[in-house]
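Shown next, in structure tokens, is the structure this report addresses.
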Amino acid sequence: MTICAGFDSYRASPADMRVITSDGQSMAAHSYVLASSSPVLERMIDAARRGWGAECTVRVLGVSADAFHAFVHFLYCSKVAPEEEEVVGAHGAQLLALAHAYRVGWLKRAAEAAVSARLTPDRAVDMLKLARLCDAPRLYLQCARLAAKDFAAVELSDGWRFARRHDAALELELLKLMEDADQRRQRWTREKAAQEACRQLGDAMASLDHIYPCDGAVACADAPPCTTAGCTCRGLQQLMRHFATCAKKTAPGGCARCKRMLQLFRLHASVCDRTDQTTCRVPLCR
């Protein structure tokens with residue numbers, strides 16, 4: 001870890017407090033630096049100080065000494081330098097918990113982004129629970145997306161097996177997230193299919209106007225195939241020729257191709273805005 005200017009500026013002044021971690025290691029620090037960076041640490045320092053100028057001791061439990069050293073380092077620097085992003089990634093989950101517990105917003109956002117970027121299926125369930133406890137919506141959403149995308153790999157993780165045995169609420173929450181994701185995929189598929197159907201219908205209506213122009217030009221329903229670039233009326237011309245000669249369109253059950261053609265004629269008739277419909281050349285428009 002590189003030494004930032006914050007450490008250099010405080011080296012000359014003596015430390016006035018010590019922080020003891022879960023494994024019993026002790027770390028010297030400056031109380032005014034920690035207190036100015038975290039309102040929670042400020043209250044802890046005020047409660048632990050026995051007199052003006054006296055050294056105080058604060059205990060920080062639940063994280064490794066290396067993770068807390070990184071946490072203090074970033075408090076001194078007041079930022080995460082680009083070359084230190086790997087440090088945030090290495091201790092991302094613990095830094096996220098520390099930044100949330102001690103209310104260091106900028107470090108919490110950096111740790112959340114680092115954990116989200118390095119998320120893997122075997123950690124998705126554990127990080128989902130951490131995101132819920134630490135109020136980290138970006139990480140929560142990333143975990144939910146990964147679980148929905150690769151649930152087969154998530155099922156093999158220790159976090160999923162633990163949730164199934166001991167945390168029914170977390171298991172139910174994860175299953176609900178996957179169900180919601182599946183419903184969203186189905187809705188997107190339906191919407192995409194509807195958009196494609198509307199596009200094809202719009203092309204067919206445009207081709208119908210091309211085949212039966214309203215400007216007095218000769219209709220090209222019986223003309224040779226259209227050679228206009230980008231025009232799609234050739235297939236519609238073939239379908240109309242079939243409609244004109246098909247004997248099954250009046251038979252019981254009818255002809256599926258003729259039914260589609262008749263639906264197109266009905267749609268045209270419902271939207272035709274020509275004031276004098278006797279001039280409209282499209283069949284069955286009147």
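By convention in this document, the chains of the structure tokens carry letters A, B, ... by their order, each chain's residues are numbered from 1, and ligands are numbered from 1 in the order they are shown.
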
For the contact check between segment 55-129 of chain A and segment 146-165 of chain A, emit one row per residue of segment 55-129 of chain A within 9 Å, containing the shortest atom pair and the distance in Å rounded to one decimal, counting only C-alpha atoms, chain then rising number order, as a tab-separated table.
residue	atom	partner	partner_atom	distance
A:Leu119	CA	A:Leu146	CA	8.4
A:Thr120	CA	A:Leu146	CA	7.9
A:Pro121	CA	A:Val154	CA	5.0
A:Asp122	CA	A:Ser157	CA	4.6
A:Arg123	CA	A:Gly159	CA	7.0
A:Ala124	CA	A:Ala147	CA	6.8
A:Val125	CA	A:Gly159	CA	5.3
A:Asp126	CA	A:Gly159	CA	5.6

Create the file for the chosen residues now, containing N, CA, C and O atoms and written as a CSV table (one decimal), in the first residue's frame.
chain,number,residue,atom,x,y,z
A,119,LEU,N,-17.7,-9.6,-8.2
A,119,LEU,CA,-18.7,-10.6,-7.7
A,119,LEU,C,-18.6,-11.9,-8.6
A,119,LEU,O,-18.5,-11.8,-9.8
A,120,THR,N,-18.7,-13.0,-7.9
A,120,THR,CA,-18.7,-14.3,-8.5
A,120,THR,C,-19.8,-15.1,-8.0
A,120,THR,O,-20.4,-14.9,-6.9
A,121,PRO,N,-20.3,-16.2,-8.7
A,121,PRO,CA,-21.4,-17.0,-8.3
A,121,PRO,C,-21.3,-17.6,-6.9
A,121,PRO,O,-22.2,-17.7,-6.2
A,122,ASP,N,-20.0,-18.0,-6.6
A,122,ASP,CA,-19.9,-18.7,-5.3
A,122,ASP,C,-20.0,-17.7,-4.1
A,122,ASP,O,-20.1,-18.1,-3.0
A,123,ARG,N,-19.9,-16.4,-4.4
A,123,ARG,CA,-20.1,-15.4,-3.3
A,123,ARG,C,-21.4,-14.6,-3.4
A,123,ARG,O,-21.6,-13.7,-2.6
A,124,ALA,N,-22.2,-14.9,-4.3
A,124,ALA,CA,-23.4,-14.1,-4.6
A,124,ALA,C,-24.3,-14.1,-3.4
A,124,ALA,O,-24.8,-13.0,-3.0
A,125,VAL,N,-24.6,-15.2,-2.8
A,125,VAL,CA,-25.5,-15.3,-1.6
A,125,VAL,C,-24.9,-14.6,-0.4
A,125,VAL,O,-25.7,-13.8,0.2
A,126,ASP,N,-23.7,-14.7,-0.1
A,126,ASP,CA,-23.1,-14.0,1.0
A,126,ASP,C,-23.1,-12.5,0.8
A,126,ASP,O,-23.4,-11.8,1.7

* To do: Enumerate, as JSON, numbers by chain, the complete set of residues in segment 14-256 of chain A that a backbone-based DSSP assignment places in strand (DSSP E or B).
  => {"A": [17, 18, 19, 20, 26, 27, 28, 29, 56, 57, 58, 59]}

N, CA, C and O atoms of the current selection, written as a PDB file, in the first residue's frame:
ATOM      1  N   MET A  17      -4.020   7.947  20.662  1.00  0.00           N
ATOM      2  CA  MET A  17      -4.987   6.886  20.936  1.00  0.00           C
ATOM      3  C   MET A  17      -4.485   5.587  20.312  1.00  0.00           C
ATOM      4  O   MET A  17      -3.570   5.585  19.485  1.00  0.00           O
ATOM      5  N   ARG A  18      -5.087   4.496  20.755  1.00  0.00           N
ATOM      6  CA  ARG A  18      -4.761   3.186  20.209  1.00  0.00           C
ATOM      7  C   ARG A  18      -6.052   2.458  19.881  1.00  0.00           C
ATOM      8  O   ARG A  18      -7.055   2.592  20.575  1.00  0.00           O
ATOM      9  N   VAL A  19      -5.976   1.680  18.779  1.00  0.00           N
ATOM     10  CA  VAL A  19      -7.124   0.885  18.345  1.00  0.00           C
ATOM     11  C   VAL A  19      -6.727  -0.578  18.425  1.00  0.00           C
ATOM     12  O   VAL A  19      -5.682  -0.977  17.903  1.00  0.00           O
ATOM     13  N   ILE A  20      -7.557  -1.382  19.088  1.00  0.00           N
ATOM     14  CA  ILE A  20      -7.300  -2.810  19.262  1.00  0.00           C
ATOM     15  C   ILE A  20      -8.286  -3.585  18.386  1.00  0.00           C
ATOM     16  O   ILE A  20      -9.489  -3.369  18.454  1.00  0.00           O
ATOM     17  N   SER A  26      -2.644  -4.063  18.187  1.00  0.00           N
ATOM     18  CA  SER A  26      -2.859  -2.676  18.586  1.00  0.00           C
ATOM     19  C   SER A  26      -2.269  -1.744  17.536  1.00  0.00           C
ATOM     20  O   SER A  26      -1.190  -1.994  16.998  1.00  0.00           O
ATOM     21  N   MET A  27      -2.984  -0.661  17.248  1.00  0.00           N
ATOM     22  CA  MET A  27      -2.559   0.285  16.218  1.00  0.00           C
ATOM     23  C   MET A  27      -2.655   1.698  16.765  1.00  0.00           C
ATOM     24  O   MET A  27      -3.699   2.096  17.305  1.00  0.00           O
ATOM     25  N   ALA A  28      -1.560   2.455  16.681  1.00  0.00           N
ATOM     26  CA  ALA A  28      -1.560   3.847  17.125  1.00  0.00           C
ATOM     27  C   ALA A  28      -2.209   4.727  16.070  1.00  0.00           C
ATOM     28  O   ALA A  28      -2.059   4.498  14.863  1.00  0.00           O
ATOM     29  N   ALA A  29      -2.945   5.746  16.502  1.00  0.00           N
ATOM     30  CA  ALA A  29      -3.636   6.633  15.569  1.00  0.00           C
ATOM     31  C   ALA A  29      -3.824   7.996  16.216  1.00  0.00           C
ATOM     32  O   ALA A  29      -3.566   8.187  17.411  1.00  0.00           O
ATOM     33  N   CYS A  56      -6.489   7.362  24.755  1.00  0.00           N
ATOM     34  CA  CYS A  56      -7.659   6.490  24.901  1.00  0.00           C
ATOM     35  C   CYS A  56      -7.473   5.256  24.043  1.00  0.00           C
ATOM     36  O   CYS A  56      -6.641   5.215  23.139  1.00  0.00           O
ATOM     37  N   THR A  57      -8.275   4.238  24.362  1.00  0.00           N
ATOM     38  CA  THR A  57      -8.216   2.966  23.639  1.00  0.00           C
ATOM     39  C   THR A  57      -9.606   2.630  23.122  1.00  0.00           C
ATOM     40  O   THR A  57     -10.592   2.697  23.866  1.00  0.00           O
ATOM     41  N   VAL A  58      -9.674   2.277  21.867  1.00  0.00           N
ATOM     42  CA  VAL A  58     -10.940   1.920  21.233  1.00  0.00           C
ATOM     43  C   VAL A  58     -10.800   0.536  20.636  1.00  0.00           C
ATOM     44  O   VAL A  58      -9.782   0.222  20.015  1.00  0.00           O
ATOM     45  N   ARG A  59     -11.823  -0.294  20.826  1.00  0.00           N
ATOM     46  CA  ARG A  59     -11.813  -1.649  20.276  1.00  0.00           C
ATOM     47  C   ARG A  59     -12.707  -1.711  19.046  1.00  0.00           C
ATOM     48  O   ARG A  59     -13.852  -1.260  19.081  1.00  0.00           O
TER      49      ARG A  59
END

* Return the single residue from A:Ala48, A:Ala67, A:Leu262, A:Ala206 that is closest to Ser31 of chain A, with distances computed using only C-alpha atoms. => A:Ala48

* Among listed residues A:Val63, A:Val104, A:Val88, A:Ala110, nearest Leu34 of chain A (using only C-alpha atoms) ->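 With only C-alpha atoms as the atom set, the closest residue is A:Val104.
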
* To do: List the neighbours of Leu128 of chain A out to 9 Å using only C-alpha atoms; skip same-chain residues closer than 2 positions along the sequence, and give me the result as a VMD selection string.
  => chain A and resid 123 to 126 130 to 133 139 to 144 170 174

* To do: Enumerate, as a VMD selection string, the complete set of residues in segment 37-266 of chain A that a backbone-based DSSP assignment places in alpha helix (DSSP H).
  => chain A and resid 37 39 to 48 65 to 77 85 to 90 92 to 101 105 to 117 124 to 133 137 to 149 151 to 155 158 to 166 168 to 211 233 to 245 256 to 266

* **All residues 8 Å or closer to segment 73-75 of chain A, only C-alpha atoms, same chain fewer than 6 positions away omitted, as a list in words** =>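 Contacts, with the query itself left out: Phe7, Val33, Leu34, Ser37 and Leu107 of chain A.
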
Only N, CA, C and O atoms, please: the residues just picked out, written as a PDB file, in the first residue's frame.
ATOM      1  N   PHE A   7      -0.603  10.555   5.634  1.00  0.00           N
ATOM      2  CA  PHE A   7       0.258   9.930   6.637  1.00  0.00           C
ATOM      3  C   PHE A   7       1.508  10.776   6.875  1.00  0.00           C
ATOM      4  O   PHE A   7       1.943  10.945   8.004  1.00  0.00           O
ATOM      5  N   VAL A  33      -8.034  12.749  13.642  1.00  0.00           N
ATOM      6  CA  VAL A  33      -8.212  12.290  12.270  1.00  0.00           C
ATOM      7  C   VAL A  33      -9.404  11.343  12.183  1.00  0.00           C
ATOM      8  O   VAL A  33     -10.283  11.490  11.321  1.00  0.00           O
ATOM      9  N   LEU A  34      -9.463  10.368  13.073  1.00  0.00           N
ATOM     10  CA  LEU A  34     -10.569   9.403  13.048  1.00  0.00           C
ATOM     11  C   LEU A  34     -11.893  10.069  13.391  1.00  0.00           C
ATOM     12  O   LEU A  34     -12.923   9.771  12.779  1.00  0.00           O
ATOM     13  N   SER A  37     -13.339  12.019  10.555  1.00  0.00           N
ATOM     14  CA  SER A  37     -13.733  11.195   9.408  1.00  0.00           C
ATOM     15  C   SER A  37     -15.002  10.411   9.658  1.00  0.00           C
ATOM     16  O   SER A  37     -15.702  10.046   8.697  1.00  0.00           O
ATOM     17  N   LEU A 107     -16.205   6.120   1.324  1.00  0.00           N
ATOM     18  CA  LEU A 107     -15.508   4.839   1.320  1.00  0.00           C
ATOM     19  C   LEU A 107     -16.501   3.683   1.127  1.00  0.00           C
ATOM     20  O   LEU A 107     -16.165   2.679   0.485  1.00  0.00           O
TER      21      LEU A 107
END
